[in-house]
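Colleague: I have a structure here, written as structure tokens, and I will follow up with some questions on it.
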Amino acid sequence: MIGFLLRGVLRDKSRFLFPFSVVTIGVALVVSLVGFMEGVFMGMIDMTANLDAGHLRLVNKPFYDEEHLRPLDRSLAGQKETRVWLKKNSPEQVEWFPRIRWGAILDVPDENGETLSQTPVVGMALDLKTKNSMELKRMKMEESLVSGRLPESPNEMLMGDQLAETLGVGLGQSVTVLGQSFDGGMVADNYKIIGLVKFGVSAMDKKMVLIDISDAQNSFYMEDMITDWLGFLPPQYSLEEYEVVKKDMQEPLKRWIASPPESWAKDDHPLLLSVRDQQNIGAIADKFYVIQSFVVGIFTFLMILVLWNAGILSGIHRYGEMGLRLAFGEPHWKLILTLGIEGLMVGILGAIAGSIFGGAYTYFLQEVGFNMGDNFAQTGMMINDVVRARLTIGGFVQAVLPGIFASVAGTLVASLAIYKRSEANLFRELEAG
Amino acid sequence: MNWDIAKKNFYRQGMRAFLNVLVTALSIISLIFMLSLLNGFQAQATRNLVATDVGGGHYRVPGFDILSPTEWEDHTLKPDESLLKLSDKDKAEVLVQQGQLYPNRRLYPVQIRGVSMEQSLLSLPLDNLKKYGEQIEDVIPGVVGVKMARKAHLKKGDILTLKWRDKSGAVDARDILIVDVGDMVNPRVDDGVVWLRLDHLRSMTDRQGEVSWVAVRNYMGPIDGVEFQTVEILMADLLALLKQDRMNSKILWAILMILVCTSVFNTQILNIFKRQKEVGTLMALGMEPMRIVRIFTLEGALAAIWALVIAALLGVPFFIWFQGVGFDVSHLSEASFPIRETIYPDYQPKEIFYSLLIVVFLVVMAAWLPVKKIIRLDPTLALRGRAIT
Amino acid sequence: MNKNLIKLKHVSKVFKVGEENFTALHDVSLEIDSGAFMSFVGPSGSGKTTLLNLIGGLDVPTTGDIYFKEEGLSSMSREQMARYRRENIGFIFQTYNLLPVYSVYENVLFPLLLNGEKEKDVQERVMDIVTKVGLESQAKKRPSQLSGGQCQRVAIARALVKDPLLILADEPTANLDSENSLQILELMRELNQQYQAAVVFSTHDEKVTRYVRREVKLEDGRIVSDKNNINGIA
Amino acid sequence: MKAAFIKTSVVLVCLLTLVAPCVAEEINAQKLLEQLDENLWANKKFISGRLIIDNGRKIRTLTQDSWMEGATRSYSHYKSPAREKGTKMLKIGGKLWMYTPRTDRKILIAGHLLRQSMMGSDLSYEDMMEDHKLSHAYAASVEKMEEFEGVQCAVLHLVAHDKKTTYQTRKAWVNPITKIVLKEERFAKSGKILKRILYKDYKKIEDRLFPHTMIFKDLLKENTKTTYKFDVIQFDIEIPARYFSQSILKR
């Protein structure tokens, strides 16, 4: 029966093509739309998470309180022990990466090694040397590299391209980091600029340098110490799920603090934060989802409307057929049932096609993005210059379900018109048509 | 008569016509809303920036860069006479210096910003500073913003040490009394900023008569020794961001309009399909095909016209209500936007007019495209309902 | 009177059906006088509807010429054709083809408005003719509320109201029962006499042929006979 | 390096040593300062000492050798801990350079960097950069007599002549009998106290009483202090000329 119906549906252009294309377009639009909105929003969240906040973040409270100073003397000791603890007390999907946020003065020498200029920089240290590490992927290191390469040897540095331009330094040049070590001692260490990066985040491209975490620990004398642990969940986890993980970890954390490792200073007190807790992302996220569901709602509504029209249209095309089938003795309800099934089939086919088109387009936007660089060049905010869409399961669900529903609902609403017609009328129209 | 027949036909569609209208109306409302909210946002952000910092632009000491604190001390001067003779409501002298605050005896680098107490160009919550005299008594009165107070754990009445350098480079430090924690509205003059009386800051740093910039109400033309920075330059980052937001919301809206137009287009196709006999009849009665197209287009356009009416009926009360309630964006002020807790949409008649024009145009186009083929319709086939299949 | 209203000279009409050509009319020449009351008779597919459509300016011949009062229709633009129909021709269809959104009165009024009349100027005239077709009491009803016979009366009124020189009626009685058919024919005869409008039917209805004064028989697109009907009731 | 602290202390110590015969009744503070400078800065000195820096969370100890000539030249060489070993600081006139073997570079300490804490201590690089004789930089007067750690001290009030002098006022607690300084305070222009230095463990070296411990405290910060202990002090030694040339700033 289904196969029979399907054959009918596929052969009849007017019965199939129009509603099919409407569902396809509708689903494709919603997939792209949700992808676009998610992309803009999650792009911001992820940018913040990847570069700065993590999905989860374990940080020493004394450090967090004075983050603006980047007080390395408030770092958390016991890196190895902490790693073990984190592994043990968090779900296994969470990957933890150590980071060091530091700040220092960068001394640029002239060709004689005399100080040419000095400028304060913001520094981040992370694992840059493990090939193909998630950390590199997360930071999109390879893609962000404008020239040069990633660090391989000790004391190699990546520099924001705009910063390099301001300082007038280039690849291969050696610069000296002047700062304070963990215990307040003086740090002076040479780094060779081996790569220029452009994250598209002006705040970073203008101010930031990146070094490997082992180099940082070496330079700043932070043996077995870091300032931050960033925890990342796989992409399919939502913002809400970060909260759950965070909540589940609070109890063990309390116990841990109650009997702290020996390496900790007496006022050390690790805090566990989620990305929501930082930079007010929680409130922004809440509002975003309200707006998103509102937009998707309007879309679904519109799609039903369009499909309703399409249903009526195909219904009219088929008055004759309907009359004939009624004449053959098919009851009304069965007629409507088959129409419903046809609607479902068109809906499913349309949803598949729409998912493919919308998905492909969204994928394209996700991979390529479209550059709004000029607008952001000077904003200095944590927003990416390139807006990318994001393909999510949620996006498909939000598009496919309404698409199929709209198709069925549209057909059924339209079929009510047929239901109301008498056999005789349908027959006459069969003759006339 | 075209109008009459179009109208009657339009109403005959019943529910579907209404839903088309409703959706179009909602699209119109959402467009106006989005744009107005952004306007409101921009207007408020601009107003706040202008009111707290930018004024009508700055006459700045050349080379002064707010992002290079270590160089602030090297970029001050005594402003030109022509600036000084401006009235206090047309100018505000501002001196910015680097300092170190010691809340809980931990170092906190701050921007010390002195502004003249007489000025009324900038509106800042510095009333409590005005009560103090020109001479510094035993403590320096200072005001910090809410955000700064939270970050540095300060409250009204706190006394803590402020350290700075005077013009000669001598180190100086005194106790500062937080006489008020004010709502600065603009995070840029809140975060990491300690506000002092200009006369106090000048005497503290031994910079009598000096400024980092003079904010003015109106551009005065070029003045020797200082360079003018326009409001646009001073607000460049915010304006760029808003441009981005506008673009994003336009993309959303464009997609929405595509669907609206698809719906109207689709309705029209249905219309001519269902009514081709009628079209044939009208032709037989001697109506010119162009006129039939006009009627059908008009029918489709009625969706737009009614949408305008519905949008007005639903939208106006909504907008009025919203104007009273506002949109809570307290989260944004955390994220360094110069915005208060609530923004109110700013409805701009011209913009709304153009938006409506676009909507009507698009809908009319969507109504016209499918019916324009009526011109080429064979009346004999149309009469038999076989012209379009 | 008796002057040629319509003149067809060697008119042929060829339709493309799929890949093949179908000749609906073969070299038809014919004249229709003012005030005629005549019919085209023939089996289904004999070309009578095509002939009516050509005369009515709804279609154009493949070859040959049609003249309306010596004026060639083939040289007219679409707009001029529309004007020609509007001013001179009244159509009556088998399926009535009333405008569903309008009342009886409005449907009849419609052609006058198309001709640029003001409603208040012609109100009386419209009501007159509505009364004449016996629908005075139904004037405010919509077509969907009327019976078939009543609908056809409206169509007649609509065709007549603008005082056309020619009324083309394509199987006007096909959808009606005998009684209604007779009433309609009777009505048309009366009106033909009263208004002096030529009426051309296409039909295969015996009842109709009994009424007309002239009967043109068509077969396979050719005129096979053209004779005056001295027995015609008219 | 450490020249500054030493200088300050030595100035005061020498001052006291010299003026000791004059006794306490009629102390000409300004004259004492001048005599002190004359005596002090003529000297070439060598000091080997330990710098103990307590930042409130951790205590670090650095050892260094310093050579000084007058007020304007000094050269310090760090010997431990391992990571500071080989770090050199050279002051010539108004300029300060640092050399670290790790970077193998000489870095000019200037501008903003000068105000930063030196080696995490309670002293800034700027504190070290003082190159004025005290008697030139300050006008001295006896403020009062006050007991400090059981000793009746003259409290000298020093006021800077030049507005550019970092600390516009200082106070020194001087034992008028032993002619040693026990405590010094440095003030902001406003008179707010910023730093306190305690001088302890006075021992006699070549007829001079010289402190072997100095404790510096930045009073704006909490729980921090820097202790300087002198293990070897030599006066009037020969200093190789290359010590005060930039060429020393290499491995």
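By convention in this document, the chains of the structure tokens carry letters A, B, ... by their order, each chain's residues are numbered from 1, and ligands are numbered from 1 in the order they are shown.
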Within 12 Å of chain D, which residues belong to chain B? Use only C-alpha atoms and report them as a PyMOL selection string.
Modeller: chain B and resi 68-74+98-108+136-140+160-176+203-206
Colleague: Restricted to C-alpha atoms, what would the selected residues look like written as a tab-separated table (two decimals), in the first residue's frame?
Modeller:
chain	number	residue	atom	x	y	z
B	68	SER	CA	48.52	52.83	26.83
B	69	PRO	CA	48.42	53.66	30.54
B	70	THR	CA	52.17	53.89	30.82
B	71	GLU	CA	52.14	56.88	28.52
B	72	TRP	CA	49.32	58.87	30.07
B	73	GLU	CA	51.73	60.90	32.12
B	74	ASP	CA	53.55	62.05	29.02
B	98	GLN	CA	47.88	56.14	36.31
B	99	GLY	CA	47.59	55.07	39.91
B	100	GLN	CA	47.71	52.14	42.20
B	101	LEU	CA	45.02	51.34	44.66
B	102	TYR	CA	45.60	49.04	47.58
B	103	PRO	CA	42.33	47.36	48.51
B	104	ASN	CA	43.09	44.82	51.21
B	105	ARG	CA	46.69	45.84	50.77
B	106	ARG	CA	46.87	44.11	47.42
B	107	LEU	CA	47.90	46.18	44.49
B	108	TYR	CA	45.19	47.17	42.02
B	136	ILE	CA	42.49	68.25	49.81
B	137	GLU	CA	41.87	67.76	53.47
B	138	ASP	CA	43.04	64.71	55.34
B	139	VAL	CA	41.78	62.23	52.78
B	140	ILE	CA	41.15	62.41	49.05
B	160	LEU	CA	42.33	52.85	51.41
B	161	THR	CA	45.62	53.92	49.96
B	162	LEU	CA	46.08	55.40	46.53
B	163	LYS	CA	49.57	55.76	45.12
B	164	TRP	CA	50.63	57.79	42.13
B	165	ARG	CA	53.42	59.86	40.68
B	166	ASP	CA	53.43	63.59	40.37
B	167	LYS	CA	54.54	65.44	37.30
B	168	SER	CA	58.17	65.37	38.40
B	169	GLY	CA	58.09	61.68	39.05
B	170	ALA	CA	58.05	61.85	42.83
B	171	VAL	CA	56.06	59.06	44.35
B	172	ASP	CA	53.03	60.11	46.29
B	173	ALA	CA	50.35	58.27	48.18
B	174	ARG	CA	47.44	59.20	50.35
B	175	ASP	CA	44.38	57.72	51.80
B	176	ILE	CA	41.37	57.91	49.62
B	203	SER	CA	47.25	69.45	42.76
B	204	MET	CA	48.10	65.83	43.57
B	205	THR	CA	50.09	65.45	40.39
B	206	ASP	CA	51.34	69.00	40.26
Colleague: Select all residues from chain B having any atom no more than 6 Å from an atom of chain A (counting only C-alpha atoms, ignoring ligands), output as a list in words.
Modeller: Asp237, Ala240, Ser263, Leu270 and His331 of chain B
Colleague: Using only C-alpha atoms, determine which residues lie at most 12 Å from Leu109 in chain C, disregarding the query and same-chain residues fewer than 4 positions distant; provide the list as a PyMOL selection string.
Modeller: (chain B and resi 1+285) or (chain C and resi 98-99+102-105+113-130+139+154-155+157-162)
Colleague: Just C-alpha atoms for this one: save the residues we selected as a tab-separated table (two decimals), in the first residue's frame.
Modeller:
chain	number	residue	atom	x	y	z
B	1	MET	CA	-13.79	48.35	-9.53
B	285	LEU	CA	-16.50	39.54	-20.70
C	98	LEU	CA	-20.62	33.47	-12.89
C	99	LEU	CA	-18.29	35.40	-10.64
C	102	TYR	CA	-20.69	38.66	-6.52
C	103	SER	CA	-24.41	38.68	-6.08
C	104	VAL	CA	-26.81	38.22	-8.97
C	105	TYR	CA	-27.23	41.94	-9.27
C	113	LEU	CA	-18.78	48.64	-15.01
C	114	LEU	CA	-16.21	47.15	-17.33
C	115	ASN	CA	-17.52	49.47	-20.02
C	116	GLY	CA	-16.93	52.36	-17.72
C	117	GLU	CA	-20.47	53.03	-16.59
C	118	LYS	CA	-21.16	54.37	-13.11
C	119	GLU	CA	-23.25	52.06	-10.98
C	120	LYS	CA	-25.77	54.71	-9.99
C	121	ASP	CA	-26.42	55.48	-13.65
C	122	VAL	CA	-27.23	51.92	-14.61
C	123	GLN	CA	-28.83	50.53	-11.49
C	124	GLU	CA	-32.28	50.66	-12.97
C	125	ARG	CA	-31.26	49.06	-16.22
C	126	VAL	CA	-29.62	46.20	-14.37
C	127	MET	CA	-32.67	45.64	-12.21
C	128	ASP	CA	-34.85	45.76	-15.29
C	129	ILE	CA	-33.04	42.96	-16.93
C	130	VAL	CA	-32.76	40.98	-13.72
C	139	ALA	CA	-30.98	39.77	-6.85
C	154	VAL	CA	-28.10	35.36	-14.54
C	155	ALA	CA	-25.63	34.54	-17.29
C	157	ALA	CA	-28.89	38.79	-18.09
C	158	ARG	CA	-25.18	39.42	-17.85
C	159	ALA	CA	-24.77	38.81	-21.58
C	160	LEU	CA	-27.65	41.05	-22.50
C	161	VAL	CA	-27.24	43.90	-20.12
C	162	LYS	CA	-24.65	45.72	-22.16
Colleague: Only residues of chain C matter here; which ones have an atom within 6 Å of chain B, counting only C-alpha atoms? Give them as a list of chain:residue names.
Modeller: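 Here is what falls inside 6 Å: C:Leu58, C:Glu79, C:Ala82, C:Arg83, C:Arg85, C:Arg86.
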Colleague: Could those residues be written to a file, using N, CA and C atoms, as an mmCIF file, in the first residue's frame?
Modeller:
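Saved as result-v7.cif:
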data_model
loop_
_atom_site.group_PDB
_atom_site.id
_atom_site.type_symbol
_atom_site.label_atom_id
_atom_site.label_comp_id
_atom_site.auth_asym_id
_atom_site.auth_seq_id
_atom_site.Cartn_x
_atom_site.Cartn_y
_atom_site.Cartn_z
ATOM 1 N N LEU C 58 -12.123 35.084 -28.651
ATOM 2 C CA LEU C 58 -11.349 34.461 -27.580
ATOM 3 C C LEU C 58 -10.154 33.723 -28.159
ATOM 4 N N GLU C 79 -5.519 43.786 -26.498
ATOM 5 C CA GLU C 79 -6.339 44.785 -25.811
ATOM 6 C C GLU C 79 -7.572 45.150 -26.650
ATOM 7 N N ALA C 82 -10.017 42.450 -26.410
ATOM 8 C CA ALA C 82 -10.764 42.518 -25.166
ATOM 9 C C ALA C 82 -11.863 43.563 -25.267
ATOM 10 N N ARG C 83 -11.503 44.668 -25.883
ATOM 11 C CA ARG C 83 -12.471 45.751 -26.049
ATOM 12 C C ARG C 83 -13.633 45.314 -26.952
ATOM 13 N N ARG C 85 -14.719 42.281 -27.355
ATOM 14 C CA ARG C 85 -15.600 41.394 -26.589
ATOM 15 C C ARG C 85 -16.467 42.193 -25.625
ATOM 16 N N ARG C 86 -15.789 43.145 -24.990
ATOM 17 C CA ARG C 86 -16.445 43.906 -23.947
ATOM 18 C C ARG C 86 -17.641 44.668 -24.508
#
Colleague: For range 24-32 of chain C, work out the shell of residues within 9 Å, counting only C-alpha atoms and skipping chain neighbours fewer than 3 positions away, then give it as a PyMOL selection string.
Modeller: chain C and resi 2-15+35-36+38+45-48+50-51+61+63-64+198+200+220-223
Colleague: What does the file look like for those residues with N, CA and C atoms, as a short mmCIF file (atom, residue, chain, number, x, y, z; two decimals), in the first residue's frame?
Modeller:
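As a result, part19.cif now contains:
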data_model
loop_
_atom_site.label_atom_id
_atom_site.label_comp_id
_atom_site.auth_asym_id
_atom_site.auth_seq_id
_atom_site.Cartn_x
_atom_site.Cartn_y
_atom_site.Cartn_z
N ASN C 2 -30.53 42.85 -41.42
CA ASN C 2 -30.04 41.78 -42.28
C ASN C 2 -28.66 42.03 -42.87
N LYS C 3 -28.09 43.04 -42.37
CA LYS C 3 -26.75 43.37 -42.80
C LYS C 3 -25.78 42.38 -42.15
N ASN C 4 -24.67 42.09 -42.83
CA ASN C 4 -23.71 41.16 -42.24
C ASN C 4 -23.07 41.71 -40.99
N LEU C 5 -23.23 40.95 -39.93
CA LEU C 5 -22.59 41.37 -38.68
C LEU C 5 -21.21 40.74 -38.61
N ILE C 6 -21.16 39.47 -38.90
CA ILE C 6 -19.91 38.70 -38.84
C ILE C 6 -19.70 38.03 -40.18
N LYS C 7 -18.45 38.09 -40.64
CA LYS C 7 -18.15 37.40 -41.89
C LYS C 7 -16.89 36.57 -41.68
N LEU C 8 -16.98 35.25 -41.95
CA LEU C 8 -15.80 34.38 -41.86
C LEU C 8 -15.38 34.01 -43.26
N LYS C 9 -14.09 34.22 -43.55
CA LYS C 9 -13.61 33.88 -44.88
C LYS C 9 -12.52 32.83 -44.77
N HIS C 10 -12.82 31.65 -45.24
CA HIS C 10 -11.83 30.57 -45.30
C HIS C 10 -11.08 30.37 -44.00
N VAL C 11 -11.84 30.27 -42.96
CA VAL C 11 -11.22 30.16 -41.64
C VAL C 11 -10.87 28.71 -41.33
N SER C 12 -9.60 28.48 -40.96
CA SER C 12 -9.19 27.17 -40.45
C SER C 12 -8.57 27.34 -39.08
N LYS C 13 -8.69 26.30 -38.29
CA LYS C 13 -8.06 26.34 -36.97
C LYS C 13 -7.40 25.00 -36.71
N VAL C 14 -6.10 25.09 -36.43
CA VAL C 14 -5.34 23.87 -36.17
C VAL C 14 -4.80 23.90 -34.75
N PHE C 15 -5.07 22.85 -33.99
CA PHE C 15 -4.50 22.74 -32.63
C PHE C 15 -3.38 21.74 -32.65
N GLY C 35 -29.19 40.41 -35.66
CA GLY C 35 -30.47 39.92 -35.19
C GLY C 35 -30.74 38.47 -35.47
N ALA C 36 -29.71 37.77 -35.93
CA ALA C 36 -29.91 36.36 -36.22
C ALA C 36 -30.23 35.58 -34.96
N MET C 38 -29.58 31.72 -34.38
CA MET C 38 -29.13 30.55 -35.11
C MET C 38 -28.31 29.62 -34.24
N GLY C 45 -16.77 17.52 -30.84
CA GLY C 45 -15.53 17.53 -31.59
C GLY C 45 -15.71 17.98 -33.02
N SER C 46 -16.90 18.47 -33.37
CA SER C 46 -17.12 18.86 -34.76
C SER C 46 -16.62 20.28 -35.02
N GLY C 47 -16.26 21.01 -33.96
CA GLY C 47 -15.67 22.33 -34.14
C GLY C 47 -16.57 23.48 -33.80
N LYS C 48 -17.74 23.19 -33.21
CA LYS C 48 -18.67 24.29 -32.98
C LYS C 48 -18.20 25.23 -31.88
N THR C 50 -15.13 25.77 -31.06
CA THR C 50 -14.00 26.50 -31.65
C THR C 50 -14.50 27.66 -32.50
N LEU C 51 -15.53 27.37 -33.26
CA LEU C 51 -16.11 28.41 -34.11
C LEU C 51 -16.63 29.57 -33.28
N PRO C 61 -7.92 32.52 -35.61
CA PRO C 61 -7.84 31.43 -36.58
C PRO C 61 -6.40 31.18 -37.02
N THR C 63 -5.63 30.12 -40.17
CA THR C 63 -5.65 30.83 -41.45
C THR C 63 -7.04 31.38 -41.66
N GLY C 64 -7.18 32.28 -42.65
CA GLY C 64 -8.47 32.88 -42.93
C GLY C 64 -8.72 34.10 -42.09
N ALA C 198 -28.13 39.56 -32.09
CA ALA C 198 -28.00 38.27 -32.74
C ALA C 198 -27.61 37.24 -31.70
N VAL C 200 -26.15 33.30 -31.25
CA VAL C 200 -25.64 32.10 -31.89
C VAL C 200 -25.43 31.04 -30.82
N ASP C 220 -16.62 17.27 -38.39
CA ASP C 220 -15.17 17.25 -38.55
C ASP C 220 -14.61 18.58 -39.02
N GLY C 221 -15.18 19.66 -38.50
CA GLY C 221 -14.64 20.98 -38.80
C GLY C 221 -15.08 21.56 -40.12
N ARG C 222 -16.00 20.90 -40.74
CA ARG C 222 -16.49 21.44 -42.01
C ARG C 222 -17.98 21.69 -41.91
N ILE C 223 -18.42 22.74 -42.62
CA ILE C 223 -19.85 23.00 -42.66
C ILE C 223 -20.46 22.01 -43.65
#
Colleague: For the contact check between chain C and chain A, emit one row per residue of chain C within 12 Å, containing the shortest atom pair and the distance in Å rounded to one decimal, counting only C-alpha atoms, chain then rising number order, as CSV.
Modeller:
residue,atom,partner,partner_atom,distance
C:Gln94,CA,A:Ala432,CA,10.4
C:Thr95,CA,A:Ala432,CA,8.8
C:Asn175,CA,A:Arg428,CA,10.5
Colleague: Limited to C-alpha atoms, could you put the picked residues into a file as a compact mmCIF listing (two decimals), in the first residue's frame?
Modeller:
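Output below, filename again04.txt:
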# COMPACT_ATOMS: atom_id res chain seq x y z
CA GLN C 94 -22.62 25.69 -20.40
CA THR C 95 -21.17 26.00 -16.88
CA ASN C 175 -26.46 21.28 -17.76
Colleague: Excluding Asn180 in chain C and any residue of its chain fewer than 5 positions from it, enumerate the residues within 10 Å of it, using only C-alpha atoms, and give them as a compact mmCIF listing (two decimals) with all heavy atoms, in the first residue's frame.
Modeller:
# COMPACT_ATOMS: atom_id res chain seq x y z
N GLY C 148 -29.25 25.66 -11.09
CA GLY C 148 -28.61 25.76 -12.40
C GLY C 148 -29.38 26.66 -13.34
O GLY C 148 -28.79 27.52 -14.02
N GLY C 149 -30.66 26.50 -13.39
CA GLY C 149 -31.47 27.31 -14.28
C GLY C 149 -31.38 28.78 -13.94
O GLY C 149 -31.23 29.64 -14.81
N GLN C 150 -31.42 29.03 -12.64
CA GLN C 150 -31.33 30.42 -12.20
C GLN C 150 -29.97 31.01 -12.58
O GLN C 150 -29.88 32.16 -13.02
CB GLN C 150 -31.54 30.51 -10.68
CG GLN C 150 -32.99 30.28 -10.29
CD GLN C 150 -33.15 30.12 -8.79
OE1 GLN C 150 -32.31 29.50 -8.14
NE2 GLN C 150 -34.23 30.66 -8.26
N GLN C 152 -28.14 30.17 -15.08
CA GLN C 152 -28.08 30.44 -16.50
C GLN C 152 -28.86 31.71 -16.84
O GLN C 152 -28.47 32.46 -17.72
CB GLN C 152 -28.60 29.23 -17.28
CG GLN C 152 -28.13 29.16 -18.71
CD GLN C 152 -26.62 29.16 -18.87
OE1 GLN C 152 -25.96 30.11 -18.46
NE2 GLN C 152 -26.07 28.10 -19.45
N ARG C 153 -29.92 31.96 -16.09
CA ARG C 153 -30.65 33.21 -16.29
C ARG C 153 -29.76 34.41 -15.97
O ARG C 153 -29.78 35.43 -16.67
CB ARG C 153 -31.89 33.28 -15.40
CG ARG C 153 -33.03 32.46 -15.93
CD ARG C 153 -33.99 32.13 -14.80
NE ARG C 153 -34.92 31.09 -15.22
CZ ARG C 153 -36.13 31.38 -15.72
NH1 ARG C 153 -36.54 32.62 -15.82
NH2 ARG C 153 -36.93 30.41 -16.10
N THR C 173 -27.85 24.91 -22.54
CA THR C 173 -28.84 24.08 -21.87
C THR C 173 -28.29 22.72 -21.47
O THR C 173 -29.01 21.90 -20.90
CB THR C 173 -30.05 23.86 -22.80
OG1 THR C 173 -29.56 23.26 -24.01
CG2 THR C 173 -30.74 25.16 -23.13
N ASN C 175 -26.43 21.64 -19.17
CA ASN C 175 -26.46 21.28 -17.76
C ASN C 175 -27.85 21.42 -17.12
O ASN C 175 -27.98 21.36 -15.91
CB ASN C 175 -25.46 22.16 -16.97
CG ASN C 175 -24.04 21.62 -17.11
OD1 ASN C 175 -23.84 20.54 -17.64
ND2 ASN C 175 -23.10 22.40 -16.62
N LEU C 185 -34.61 28.84 -23.27
CA LEU C 185 -34.71 29.10 -24.71
C LEU C 185 -35.81 30.10 -25.01
O LEU C 185 -35.65 31.02 -25.83
CB LEU C 185 -34.95 27.79 -25.47
CG LEU C 185 -33.70 26.90 -25.55
CD1 LEU C 185 -34.07 25.50 -26.02
CD2 LEU C 185 -32.68 27.53 -26.49
N GLU C 186 -36.89 29.92 -24.31
CA GLU C 186 -38.02 30.84 -24.49
C GLU C 186 -37.60 32.27 -24.14
O GLU C 186 -37.85 33.22 -24.86
CB GLU C 186 -39.18 30.39 -23.58
CG GLU C 186 -40.49 31.06 -23.85
CD GLU C 186 -40.96 30.83 -25.30
OE1 GLU C 186 -40.80 29.69 -25.82
OE2 GLU C 186 -41.45 31.79 -25.89
Colleague: Would you give me, as a PDB file with N, CA and C atoms, in the first residue's frame, the residues of chain A that come within 8 Å of chain D, using only C-alpha atoms?
Modeller:
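Full text of out30.pdb as output:
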ATOM      1  N   ASP A 107      60.299  42.558  25.820  1.00  0.00           N
ATOM      2  CA  ASP A 107      61.398  43.444  25.462  1.00  0.00           C
ATOM      3  C   ASP A 107      61.916  43.044  24.086  1.00  0.00           C
ATOM      4  N   GLY A 113      71.220  43.741  20.163  1.00  0.00           N
ATOM      5  CA  GLY A 113      70.775  43.157  21.417  1.00  0.00           C
ATOM      6  C   GLY A 113      70.404  44.217  22.447  1.00  0.00           C
ATOM      7  N   GLU A 114      70.432  45.504  22.036  1.00  0.00           N
ATOM      8  CA  GLU A 114      70.018  46.547  22.968  1.00  0.00           C
ATOM      9  C   GLU A 114      68.496  46.678  22.939  1.00  0.00           C
ATOM     10  N   THR A 115      67.964  47.058  24.078  1.00  0.00           N
ATOM     11  CA  THR A 115      66.509  47.197  24.145  1.00  0.00           C
ATOM     12  C   THR A 115      66.008  48.236  23.155  1.00  0.00           C
ATOM     13  N   THR A 176      62.440  39.103  24.537  1.00  0.00           N
ATOM     14  CA  THR A 176      62.649  38.706  25.918  1.00  0.00           C
ATOM     15  C   THR A 176      61.401  38.991  26.737  1.00  0.00           C
ATOM     16  N   GLN A 180      57.286  38.322  36.393  1.00  0.00           N
ATOM     17  CA  GLN A 180      57.515  37.822  37.740  1.00  0.00           C
ATOM     18  C   GLN A 180      57.210  36.345  37.789  1.00  0.00           C
ATOM     19  N   ASP A 183      57.035  32.757  42.559  1.00  0.00           N
ATOM     20  CA  ASP A 183      57.343  33.187  43.923  1.00  0.00           C
ATOM     21  C   ASP A 183      57.791  34.638  43.962  1.00  0.00           C
ATOM     22  N   GLY A 184      57.473  35.381  42.937  1.00  0.00           N
ATOM     23  CA  GLY A 184      57.784  36.793  42.960  1.00  0.00           C
ATOM     24  C   GLY A 184      59.153  37.106  42.418  1.00  0.00           C
ATOM     25  N   GLY A 185      59.888  36.096  42.057  1.00  0.00           N
ATOM     26  CA  GLY A 185      61.210  36.330  41.510  1.00  0.00           C
ATOM     27  C   GLY A 185      61.128  36.946  40.134  1.00  0.00           C
ATOM     28  N   MET A 186      62.305  37.336  39.655  1.00  0.00           N
ATOM     29  CA  MET A 186      62.298  37.964  38.363  1.00  0.00           C
ATOM     30  C   MET A 186      62.382  36.912  37.268  1.00  0.00           C
ATOM     31  N   ALA A 188      63.258  36.507  33.280  1.00  0.00           N
ATOM     32  CA  ALA A 188      63.716  37.065  32.016  1.00  0.00           C
ATOM     33  C   ALA A 188      64.069  35.869  31.152  1.00  0.00           C
ATOM     34  N   ASP A 189      63.367  35.756  30.074  1.00  0.00           N
ATOM     35  CA  ASP A 189      63.617  34.593  29.249  1.00  0.00           C
ATOM     36  C   ASP A 189      63.429  34.965  27.788  1.00  0.00           C
ATOM     37  N   ASN A 190      64.265  34.362  26.960  1.00  0.00           N
ATOM     38  CA  ASN A 190      64.160  34.651  25.531  1.00  0.00           C
ATOM     39  C   ASN A 190      63.181  33.701  24.857  1.00  0.00           C
ATOM     40  N   ALA A 265      49.225  26.032  49.001  1.00  0.00           N
ATOM     41  CA  ALA A 265      49.417  27.063  50.017  1.00  0.00           C
ATOM     42  C   ALA A 265      48.186  27.068  50.910  1.00  0.00           C
TER      43      ALA A 265
END
